[in-house]
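Okay, so here's the structure we're looking at.
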Amino acid sequence: MHDEFVGDDPLQSVIAALREPVAVEPGLRQRAAGRATRQRRAGVARIAVLALLVLSAVAIVHRPASGTSAVTFTLRAPAGSTVALVGDFTDWRSDRLHLSPSGSGVWQATIRLRPGRYRFAYLVDHRQWRADTVAPTAPDDFGRPTSLLTVNP
Amino acid sequence: MNTRRLVALSIMALAAAPLALCGQDARITARFTPVVAAHLNATIDSASSEGLPAEPLVLRALEGQAKGATADQIVAALSRLRDALRTARVALGSTATPTDLMTAAAALQLGMPPSRLTELRQLRGDRGIGAPLTAYLDLTARGVSADRTWDRISDLARRRASDADFGRLTPRDVDHQRDEDWP
């Protein structure tokens with residue numbers, strides 16, 4: 001072997017050495033191919049996970065807005081100091097939603113609600129129950145004014 | 001009772017405690033005295049075990065508490081609502097959704113005969129009774145005659161009106177229908 005590279009020329013010796021076939025360890029080729037495949041799969045998996053994360057982030061951002069409607073509640077209560085909005089959507093707790101004064105004794109709050117039918121009322125100064133002046137009135141079991149709100153899909 | 005038996009009974013009681021708590025609504029437990037909460041939860045649990053929706057009952061109890069009603073008033077209100085939900089299910093059939101049952105119960109509590117619920121269900125078929133019943137409730141709550149409203153609603157249902165058609169109904173539409181019917 002290497003018959004054509006006889007002589008003492010160092011360059012020819014290097015070329016001859018480089019052209020000499022390298023003995024490959026049995027199984028190395030398969031291991032190398034397997035490693036490349038694993039790396040490709042890992043890359044695809046990383047991209048898939050990243051895509052899922054991006055998609056779920058978008059879903060989380062949009063979820064609160066999707067399927068809900070903004071509803072504005074308005075009550076005229078010039079003598080009131082506080083006006084709470086109390087209803088099915090607050091589990092009938094008076095400490096969750098309060099209307100803000102918007103001038104001339106008018107109080108307002110806008111909230112987002114899912115489609116459905118809700119019973120609600122206003123509580124002025126923690127003691128006076130008031131119905132909405134526009135919404136239909138609900139029959140009441142407890143002798144206090146109650147209004148009805150329907151949020152359509 | 002020997003010690004071994006006492007220990008066994010204690011272990012059984014401890015194991016059963018979470019099961020008993022499962023039937024209790026935390027909102028009820030937090031807002032009522034233990035005795036009243038137990039009574040209300042029993043009513044709500046029995047309704048649930050019949051397949052009736054629990055949420056409207058829980059909300060009605062919370063409403064009563066917020067409005068300062070007595071325990072007796074709240075228990076009575078829950079019983080009436082549970083009865084209305086039962087009647088609604090009989091009228092609408094076992095496949096009625098919880099939302100349909102809640103809306104139908106509200107209509108029954110306003111005096112709608114159960115036979116009208118059944119008729120509406122048949123008229124609407126697969127299209128659901130939510131939209132026409134909601135229109136009925138809104139119109140009657142605004143003071144329109146229940147019979148006149150029913151005539152208008154059932155007429156639209158016979159004509160296979162869409163949910164949007166029911167949503168657009170106003171008291172004036174019902175009055176206008178009456179004028180048309182009366183030459």
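Residue numbering restarts at 1 for every chain of the structure tokens, chains are lettered A, B, ... in their displayed order, and ligands are numbered from 1 as they appear.
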Once you count only C-alpha atoms, what closest atom pair and distance in Å to one decimal does each residue of chain A within 7 Å of chain B have, with rows by chain and rising residue number, as a tab-separated table?
```
residue	atom	partner	partner_atom	distance
A:Asp88	CA	B:Leu59	CA	6.2
A:Asp91	CA	B:Leu59	CA	6.4
A:Trp92	CA	B:Glu63	CA	5.4
A:Arg93	CA	B:Ala66	CA	6.8
A:Pro136	CA	B:Ala141	CA	5.1
A:Thr137	CA	B:Ala141	CA	5.6
A:Ala138	CA	B:Ala141	CA	6.6
A:Asp141	CA	B:Ala77	CA	6.1
A:Phe142	CA	B:Ala69	CA	6.0
```
Could the residues in this selection be written to a file with N, CA and C atoms, as an mmCIF file, in the first residue's frame?
```
data_model
loop_
_atom_site.group_PDB
_atom_site.id
_atom_site.type_symbol
_atom_site.label_atom_id
_atom_site.label_comp_id
_atom_site.auth_asym_id
_atom_site.auth_seq_id
_atom_site.Cartn_x
_atom_site.Cartn_y
_atom_site.Cartn_z
ATOM 1 N N ASP A 88 -75.956 37.057 42.276
ATOM 2 C CA ASP A 88 -75.478 35.682 42.060
ATOM 3 C C ASP A 88 -73.994 35.669 41.701
ATOM 4 N N ASP A 91 -71.774 35.743 44.747
ATOM 5 C CA ASP A 91 -72.232 34.829 45.804
ATOM 6 C C ASP A 91 -72.980 35.608 46.890
ATOM 7 N N TRP A 92 -73.615 36.683 46.475
ATOM 8 C CA TRP A 92 -74.405 37.529 47.387
ATOM 9 C C TRP A 92 -73.557 38.057 48.535
ATOM 10 N N ARG A 93 -72.327 38.400 48.223
ATOM 11 C CA ARG A 93 -71.466 39.078 49.201
ATOM 12 C C ARG A 93 -71.407 40.556 48.831
ATOM 13 N N PRO A 136 -85.620 44.009 34.547
ATOM 14 C CA PRO A 136 -86.863 43.438 35.065
ATOM 15 C C PRO A 136 -86.737 43.096 36.551
ATOM 16 N N THR A 137 -87.866 43.164 37.235
ATOM 17 C CA THR A 137 -87.877 42.851 38.665
ATOM 18 C C THR A 137 -88.119 41.360 38.869
ATOM 19 N N ALA A 138 -87.377 40.776 39.793
ATOM 20 C CA ALA A 138 -87.529 39.351 40.075
ATOM 21 C C ALA A 138 -88.468 39.155 41.254
ATOM 22 N N ASP A 141 -88.233 36.144 47.563
ATOM 23 C CA ASP A 141 -88.660 35.331 48.694
ATOM 24 C C ASP A 141 -88.419 36.031 50.019
ATOM 25 N N PHE A 142 -87.660 37.091 50.011
ATOM 26 C CA PHE A 142 -87.186 37.632 51.288
ATOM 27 C C PHE A 142 -87.614 39.085 51.532
#
```
Problem set entry | Sel. of strand (DSSP E) residues, stretch 49-149 of chain A, as a ChimeraX atom specification | /A:69-76,83-87,100-101,106-113,116-124,128-130,147-149
For this session: Would you mind listing what lies within 12 Å of A:Arg114 as a PyMOL selection string, with only C-alpha atoms counted and same-chain residues fewer than 2 positions away left out?
Result: chain A and resi 63-71+88-89+111-112+116-118+149-153
Would you write out those residues with N, CA and C atoms, as a PDB file, in the first residue's frame?
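Result saved to selection_29.pdb:
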```
ATOM      1  N   ARG A  63     -58.590  33.823  27.413  1.00  0.00           N
ATOM      2  CA  ARG A  63     -59.695  33.148  28.079  1.00  0.00           C
ATOM      3  C   ARG A  63     -60.613  34.081  28.859  1.00  0.00           C
ATOM      4  N   PRO A  64     -60.064  35.044  29.626  1.00  0.00           N
ATOM      5  CA  PRO A  64     -60.972  35.882  30.390  1.00  0.00           C
ATOM      6  C   PRO A  64     -61.944  36.667  29.520  1.00  0.00           C
ATOM      7  N   ALA A  65     -61.485  37.023  28.313  1.00  0.00           N
ATOM      8  CA  ALA A  65     -62.348  37.852  27.475  1.00  0.00           C
ATOM      9  C   ALA A  65     -63.337  37.016  26.677  1.00  0.00           C
ATOM     10  N   SER A  66     -62.936  35.786  26.317  1.00  0.00           N
ATOM     11  CA  SER A  66     -63.798  35.006  25.454  1.00  0.00           C
ATOM     12  C   SER A  66     -65.006  34.513  26.230  1.00  0.00           C
ATOM     13  N   GLY A  67     -66.166  34.637  25.595  1.00  0.00           N
ATOM     14  CA  GLY A  67     -67.381  34.123  26.203  1.00  0.00           C
ATOM     15  C   GLY A  67     -67.963  34.986  27.297  1.00  0.00           C
ATOM     16  N   THR A  68     -67.405  36.156  27.526  1.00  0.00           N
ATOM     17  CA  THR A  68     -67.981  37.047  28.532  1.00  0.00           C
ATOM     18  C   THR A  68     -68.412  38.345  27.862  1.00  0.00           C
ATOM     19  N   SER A  69     -69.289  39.022  28.516  1.00  0.00           N
ATOM     20  CA  SER A  69     -69.767  40.312  27.999  1.00  0.00           C
ATOM     21  C   SER A  69     -69.610  41.370  29.083  1.00  0.00           C
ATOM     22  N   ALA A  70     -69.267  42.572  28.653  1.00  0.00           N
ATOM     23  CA  ALA A  70     -69.169  43.683  29.605  1.00  0.00           C
ATOM     24  C   ALA A  70     -70.574  44.212  29.903  1.00  0.00           C
ATOM     25  N   VAL A  71     -70.874  44.318  31.167  1.00  0.00           N
ATOM     26  CA  VAL A  71     -72.188  44.808  31.587  1.00  0.00           C
ATOM     27  C   VAL A  71     -71.971  45.998  32.516  1.00  0.00           C
ATOM     28  N   ASP A  88     -75.956  37.057  42.276  1.00  0.00           N
ATOM     29  CA  ASP A  88     -75.478  35.682  42.060  1.00  0.00           C
ATOM     30  C   ASP A  88     -73.994  35.669  41.701  1.00  0.00           C
ATOM     31  N   PHE A  89     -73.558  36.697  40.970  1.00  0.00           N
ATOM     32  CA  PHE A  89     -72.160  36.724  40.507  1.00  0.00           C
ATOM     33  C   PHE A  89     -71.177  37.123  41.600  1.00  0.00           C
ATOM     34  N   ILE A 111     -68.641  45.273  34.737  1.00  0.00           N
ATOM     35  CA  ILE A 111     -67.993  43.980  34.997  1.00  0.00           C
ATOM     36  C   ILE A 111     -68.239  43.067  33.797  1.00  0.00           C
ATOM     37  N   ARG A 112     -67.463  42.017  33.707  1.00  0.00           N
ATOM     38  CA  ARG A 112     -67.651  41.046  32.629  1.00  0.00           C
ATOM     39  C   ARG A 112     -68.357  39.816  33.198  1.00  0.00           C
ATOM     40  N   GLY A 116     -75.837  33.930  30.885  1.00  0.00           N
ATOM     41  CA  GLY A 116     -76.633  33.317  31.945  1.00  0.00           C
ATOM     42  C   GLY A 116     -77.669  34.286  32.459  1.00  0.00           C
ATOM     43  N   ARG A 117     -78.365  33.836  33.462  1.00  0.00           N
ATOM     44  CA  ARG A 117     -79.424  34.655  34.058  1.00  0.00           C
ATOM     45  C   ARG A 117     -79.049  34.897  35.516  1.00  0.00           C
ATOM     46  N   TYR A 118     -79.020  36.143  35.906  1.00  0.00           N
ATOM     47  CA  TYR A 118     -78.530  36.505  37.236  1.00  0.00           C
ATOM     48  C   TYR A 118     -79.574  37.305  38.015  1.00  0.00           C
ATOM     49  N   LEU A 149     -81.035  39.953  35.417  1.00  0.00           N
ATOM     50  CA  LEU A 149     -80.172  40.303  34.288  1.00  0.00           C
ATOM     51  C   LEU A 149     -79.952  39.050  33.447  1.00  0.00           C
ATOM     52  N   THR A 150     -80.166  39.169  32.156  1.00  0.00           N
ATOM     53  CA  THR A 150     -79.876  38.054  31.242  1.00  0.00           C
ATOM     54  C   THR A 150     -78.718  38.454  30.346  1.00  0.00           C
ATOM     55  N   VAL A 151     -77.668  37.665  30.371  1.00  0.00           N
ATOM     56  CA  VAL A 151     -76.528  37.888  29.471  1.00  0.00           C
ATOM     57  C   VAL A 151     -76.610  36.822  28.389  1.00  0.00           C
ATOM     58  N   ASN A 152     -76.850  37.258  27.172  1.00  0.00           N
ATOM     59  CA  ASN A 152     -76.997  36.302  26.067  1.00  0.00           C
ATOM     60  C   ASN A 152     -75.631  35.829  25.552  1.00  0.00           C
ATOM     61  N   PRO A 153     -75.583  34.589  25.018  1.00  0.00           N
ATOM     62  CA  PRO A 153     -74.313  34.071  24.483  1.00  0.00           C
ATOM     63  C   PRO A 153     -73.813  34.918  23.320  1.00  0.00           C
TER      64      PRO A 153
END
```
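For the set B:Ile28, B:Ala42, B:Ala96, B:Val144, the residue with the smallest atom-to-atom gap to B:Asp126 is B:Ala96, counting only C-alpha atoms.
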Among stretch 72-122 of chain B, which residues carry a DSSP assignment of helix (DSSP H, G or I), reported as a CSV table (one decimal) with N, CA and C atoms, in the first residue's frame?
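Below is the file part-v1.csv, written as the result:
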```csv
chain,number,residue,atom,x,y,z
B,72,ASP,N,-85.8,30.2,58.9
B,72,ASP,CA,-87.1,29.6,58.5
B,72,ASP,C,-87.5,30.1,57.1
B,73,GLN,N,-87.3,31.4,56.8
B,73,GLN,CA,-87.6,31.9,55.5
B,73,GLN,C,-86.7,31.3,54.4
B,74,ILE,N,-85.4,31.2,54.8
B,74,ILE,CA,-84.5,30.6,53.8
B,74,ILE,C,-84.8,29.2,53.5
B,75,VAL,N,-85.1,28.4,54.6
B,75,VAL,CA,-85.4,27.0,54.4
B,75,VAL,C,-86.6,26.9,53.5
B,76,ALA,N,-87.6,27.7,53.8
B,76,ALA,CA,-88.9,27.6,53.0
B,76,ALA,C,-88.6,28.0,51.6
B,77,ALA,N,-87.8,29.0,51.3
B,77,ALA,CA,-87.5,29.5,50.0
B,77,ALA,C,-86.8,28.3,49.2
B,78,LEU,N,-85.9,27.7,49.9
B,78,LEU,CA,-85.2,26.6,49.2
B,78,LEU,C,-86.1,25.4,48.9
B,79,SER,N,-87.0,25.1,49.8
B,79,SER,CA,-88.0,24.0,49.5
B,79,SER,C,-88.8,24.4,48.3
B,80,ARG,N,-89.3,25.6,48.2
B,80,ARG,CA,-90.1,26.0,47.1
B,80,ARG,C,-89.3,25.9,45.8
B,81,LEU,N,-88.1,26.3,45.8
B,81,LEU,CA,-87.2,26.3,44.6
B,81,LEU,C,-86.9,24.8,44.2
B,82,ARG,N,-86.7,24.0,45.2
B,82,ARG,CA,-86.4,22.6,44.9
B,82,ARG,C,-87.7,21.9,44.3
B,83,ASP,N,-88.8,22.3,44.8
B,83,ASP,CA,-90.1,21.7,44.3
B,83,ASP,C,-90.3,22.2,42.8
B,84,ALA,N,-89.9,23.4,42.6
B,84,ALA,CA,-90.1,24.0,41.2
B,84,ALA,C,-89.1,23.3,40.3
B,85,LEU,N,-87.9,23.0,40.8
B,85,LEU,CA,-86.9,22.3,39.9
B,85,LEU,C,-87.4,20.9,39.6
B,86,ARG,N,-88.0,20.2,40.6
B,86,ARG,CA,-88.5,18.9,40.4
B,86,ARG,C,-89.6,18.9,39.4
B,87,THR,N,-90.5,19.8,39.5
B,87,THR,CA,-91.7,19.9,38.6
B,87,THR,C,-91.2,20.2,37.2
B,88,ALA,N,-90.1,21.1,37.1
B,88,ALA,CA,-89.6,21.4,35.8
B,88,ALA,C,-89.0,20.1,35.1
B,89,ARG,N,-88.3,19.3,35.9
B,89,ARG,CA,-87.7,18.1,35.3
B,89,ARG,C,-88.8,17.2,34.9
B,90,VAL,N,-89.9,17.0,35.6
B,90,VAL,CA,-91.0,16.2,35.2
B,90,VAL,C,-91.6,16.7,33.9
B,91,ALA,N,-91.7,18.0,33.8
B,91,ALA,CA,-92.3,18.6,32.6
B,91,ALA,C,-91.4,18.5,31.4
B,92,LEU,N,-90.1,18.7,31.6
B,92,LEU,CA,-89.2,18.7,30.5
B,92,LEU,C,-88.5,17.4,30.2
B,98,PRO,N,-79.2,21.5,33.2
B,98,PRO,CA,-79.4,22.2,34.5
B,98,PRO,C,-79.8,23.7,34.2
B,99,THR,N,-79.3,24.3,33.1
B,99,THR,CA,-79.7,25.6,32.8
B,99,THR,C,-81.2,25.7,32.4
B,100,ASP,N,-81.7,24.7,31.6
B,100,ASP,CA,-83.1,24.6,31.3
B,100,ASP,C,-83.9,24.5,32.5
B,101,LEU,N,-83.5,23.6,33.4
B,101,LEU,CA,-84.2,23.4,34.7
B,101,LEU,C,-84.3,24.7,35.5
B,102,MET,N,-83.2,25.4,35.6
B,102,MET,CA,-83.2,26.6,36.4
B,102,MET,C,-84.2,27.7,35.8
B,103,THR,N,-84.1,27.8,34.4
B,103,THR,CA,-85.0,28.8,33.8
B,103,THR,C,-86.4,28.4,33.9
B,104,ALA,N,-86.7,27.1,33.7
B,104,ALA,CA,-88.1,26.6,33.8
B,104,ALA,C,-88.6,26.7,35.2
B,105,ALA,N,-87.7,26.5,36.2
B,105,ALA,CA,-88.2,26.6,37.6
B,105,ALA,C,-88.6,28.1,37.9
B,106,ALA,N,-87.8,29.0,37.3
B,106,ALA,CA,-88.2,30.4,37.5
B,106,ALA,C,-89.5,30.7,36.9
B,107,ALA,N,-89.8,30.1,35.7
B,107,ALA,CA,-91.1,30.3,35.0
B,107,ALA,C,-92.2,29.7,35.9
B,108,LEU,N,-92.0,28.6,36.4
B,108,LEU,CA,-93.0,27.9,37.3
B,108,LEU,C,-93.3,28.8,38.5
B,109,GLN,N,-92.2,29.4,39.1
B,109,GLN,CA,-92.4,30.2,40.3
B,109,GLN,C,-93.2,31.5,39.9
B,114,PRO,N,-97.1,23.8,34.3
B,114,PRO,CA,-96.1,22.9,33.8
B,114,PRO,C,-96.4,22.4,32.4
B,115,SER,N,-97.7,22.3,32.1
B,115,SER,CA,-98.1,21.8,30.8
B,115,SER,C,-97.6,22.7,29.7
B,116,ARG,N,-97.4,24.0,29.9
B,116,ARG,CA,-96.9,24.9,28.9
B,116,ARG,C,-95.4,24.6,28.7
B,117,LEU,N,-94.7,24.2,29.8
B,117,LEU,CA,-93.3,23.8,29.6
B,117,LEU,C,-93.1,22.6,28.7
B,118,THR,N,-94.0,21.6,29.0
B,118,THR,CA,-94.0,20.4,28.1
B,118,THR,C,-94.3,20.8,26.7
B,119,GLU,N,-95.3,21.6,26.5
B,119,GLU,CA,-95.7,22.0,25.1
B,119,GLU,C,-94.5,22.8,24.4
B,120,LEU,N,-93.9,23.7,25.2
B,120,LEU,CA,-92.8,24.4,24.6
B,120,LEU,C,-91.6,23.5,24.2
B,121,ARG,N,-91.4,22.5,25.1
B,121,ARG,CA,-90.3,21.6,24.8
B,121,ARG,C,-90.6,20.8,23.5
B,122,GLN,N,-91.9,20.4,23.3
B,122,GLN,CA,-92.2,19.7,22.1
B,122,GLN,C,-92.2,20.6,20.9
```
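One distance worth recording is that between atom CA of B:Ala146 and atom CA of B:Pro113, which is 10.6 Å.
Atom CA of B:Gln24 sits 7.8 Å away from atom CA of B:Asp45.
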Exercise. Stretch 129-133 of chain A: which residues within 6 Å, counting only C-alpha atoms, same-chain residues fewer than 4 positions away excluded, as a list in words?
Worked result: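 These residues fall inside the cut-off: Ala121, Tyr122, Leu123, Pro145, Thr146 and Ser147 of chain A.
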Using C-alpha atoms, can you write the selected residues to a file as a PDB file, in the first residue's frame?
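Writing the result to out.pdb gives the following:
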```
ATOM      1  CA  ALA A 121     -79.582  44.155  43.770  1.00  0.00           C
ATOM      2  CA  TYR A 122     -77.774  47.242  45.006  1.00  0.00           C
ATOM      3  CA  LEU A 123     -76.950  47.821  48.653  1.00  0.00           C
ATOM      4  CA  PRO A 145     -86.057  44.311  45.868  1.00  0.00           C
ATOM      5  CA  THR A 146     -84.304  42.082  43.350  1.00  0.00           C
ATOM      6  CA  SER A 147     -83.572  42.576  39.668  1.00  0.00           C
TER       7      SER A 147
END
```
Which residues come within 6 Å of stretch 82-85 of chain A, counting only C-alpha atoms, excluding same-chain residues fewer than 5 positions away, as a JSON list (two decimals) with C-alpha atoms, in the first residue's frame?
```
[["chain", "number", "residue", "atom", "x", "y", "z"],
["A", 94, "SER", "CA", -71.56, 42.85, 49.57],
["A", 97, "LEU", "CA", -68.09, 44.81, 43.90],
["A", 98, "HIS", "CA", -68.65, 48.47, 44.52],
["A", 99, "LEU", "CA", -70.00, 51.12, 42.17],
["A", 122, "TYR", "CA", -77.77, 47.24, 45.01],
["A", 123, "LEU", "CA", -76.95, 47.82, 48.65],
["A", 124, "VAL", "CA", -76.66, 51.51, 49.49],
["A", 125, "ASP", "CA", -74.72, 52.43, 52.62]]
```
Exercise. Hey, what's within 7 Å of stretch 75-78 of chain A if we count only C-alpha atoms and toss same-chain stuff fewer than 5 positions away? As a VMD selection string, please?
Worked result: chain A and resid 104 to 108 132
Let me see the file: selected residues, N, CA and C atoms, as a compact mmCIF listing (two decimals), in the first residue's frame.
```txt
# COMPACT_ATOMS: atom_id res chain seq x y z
N SER A 104 -73.13 63.77 39.72
CA SER A 104 -74.57 64.03 39.85
C SER A 104 -75.31 62.91 40.57
N GLY A 105 -74.66 62.29 41.52
CA GLY A 105 -75.33 61.25 42.30
C GLY A 105 -75.50 59.93 41.59
N VAL A 106 -74.86 59.79 40.45
CA VAL A 106 -74.96 58.53 39.69
C VAL A 106 -73.75 57.66 39.99
N TRP A 107 -74.01 56.39 40.21
CA TRP A 107 -72.95 55.42 40.52
C TRP A 107 -72.89 54.38 39.41
N GLN A 108 -71.67 53.94 39.09
CA GLN A 108 -71.52 52.99 37.98
C GLN A 108 -70.44 51.96 38.26
N ASP A 132 -82.64 47.57 40.38
CA ASP A 132 -82.24 48.34 39.21
C ASP A 132 -83.49 48.98 38.60
```
Exercise. How far is it from atom CA of B:Gly51 to atom CA of B:Phe166, in Å with one decimal?
Worked result: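 These atoms are spaced 28.7 Å apart.
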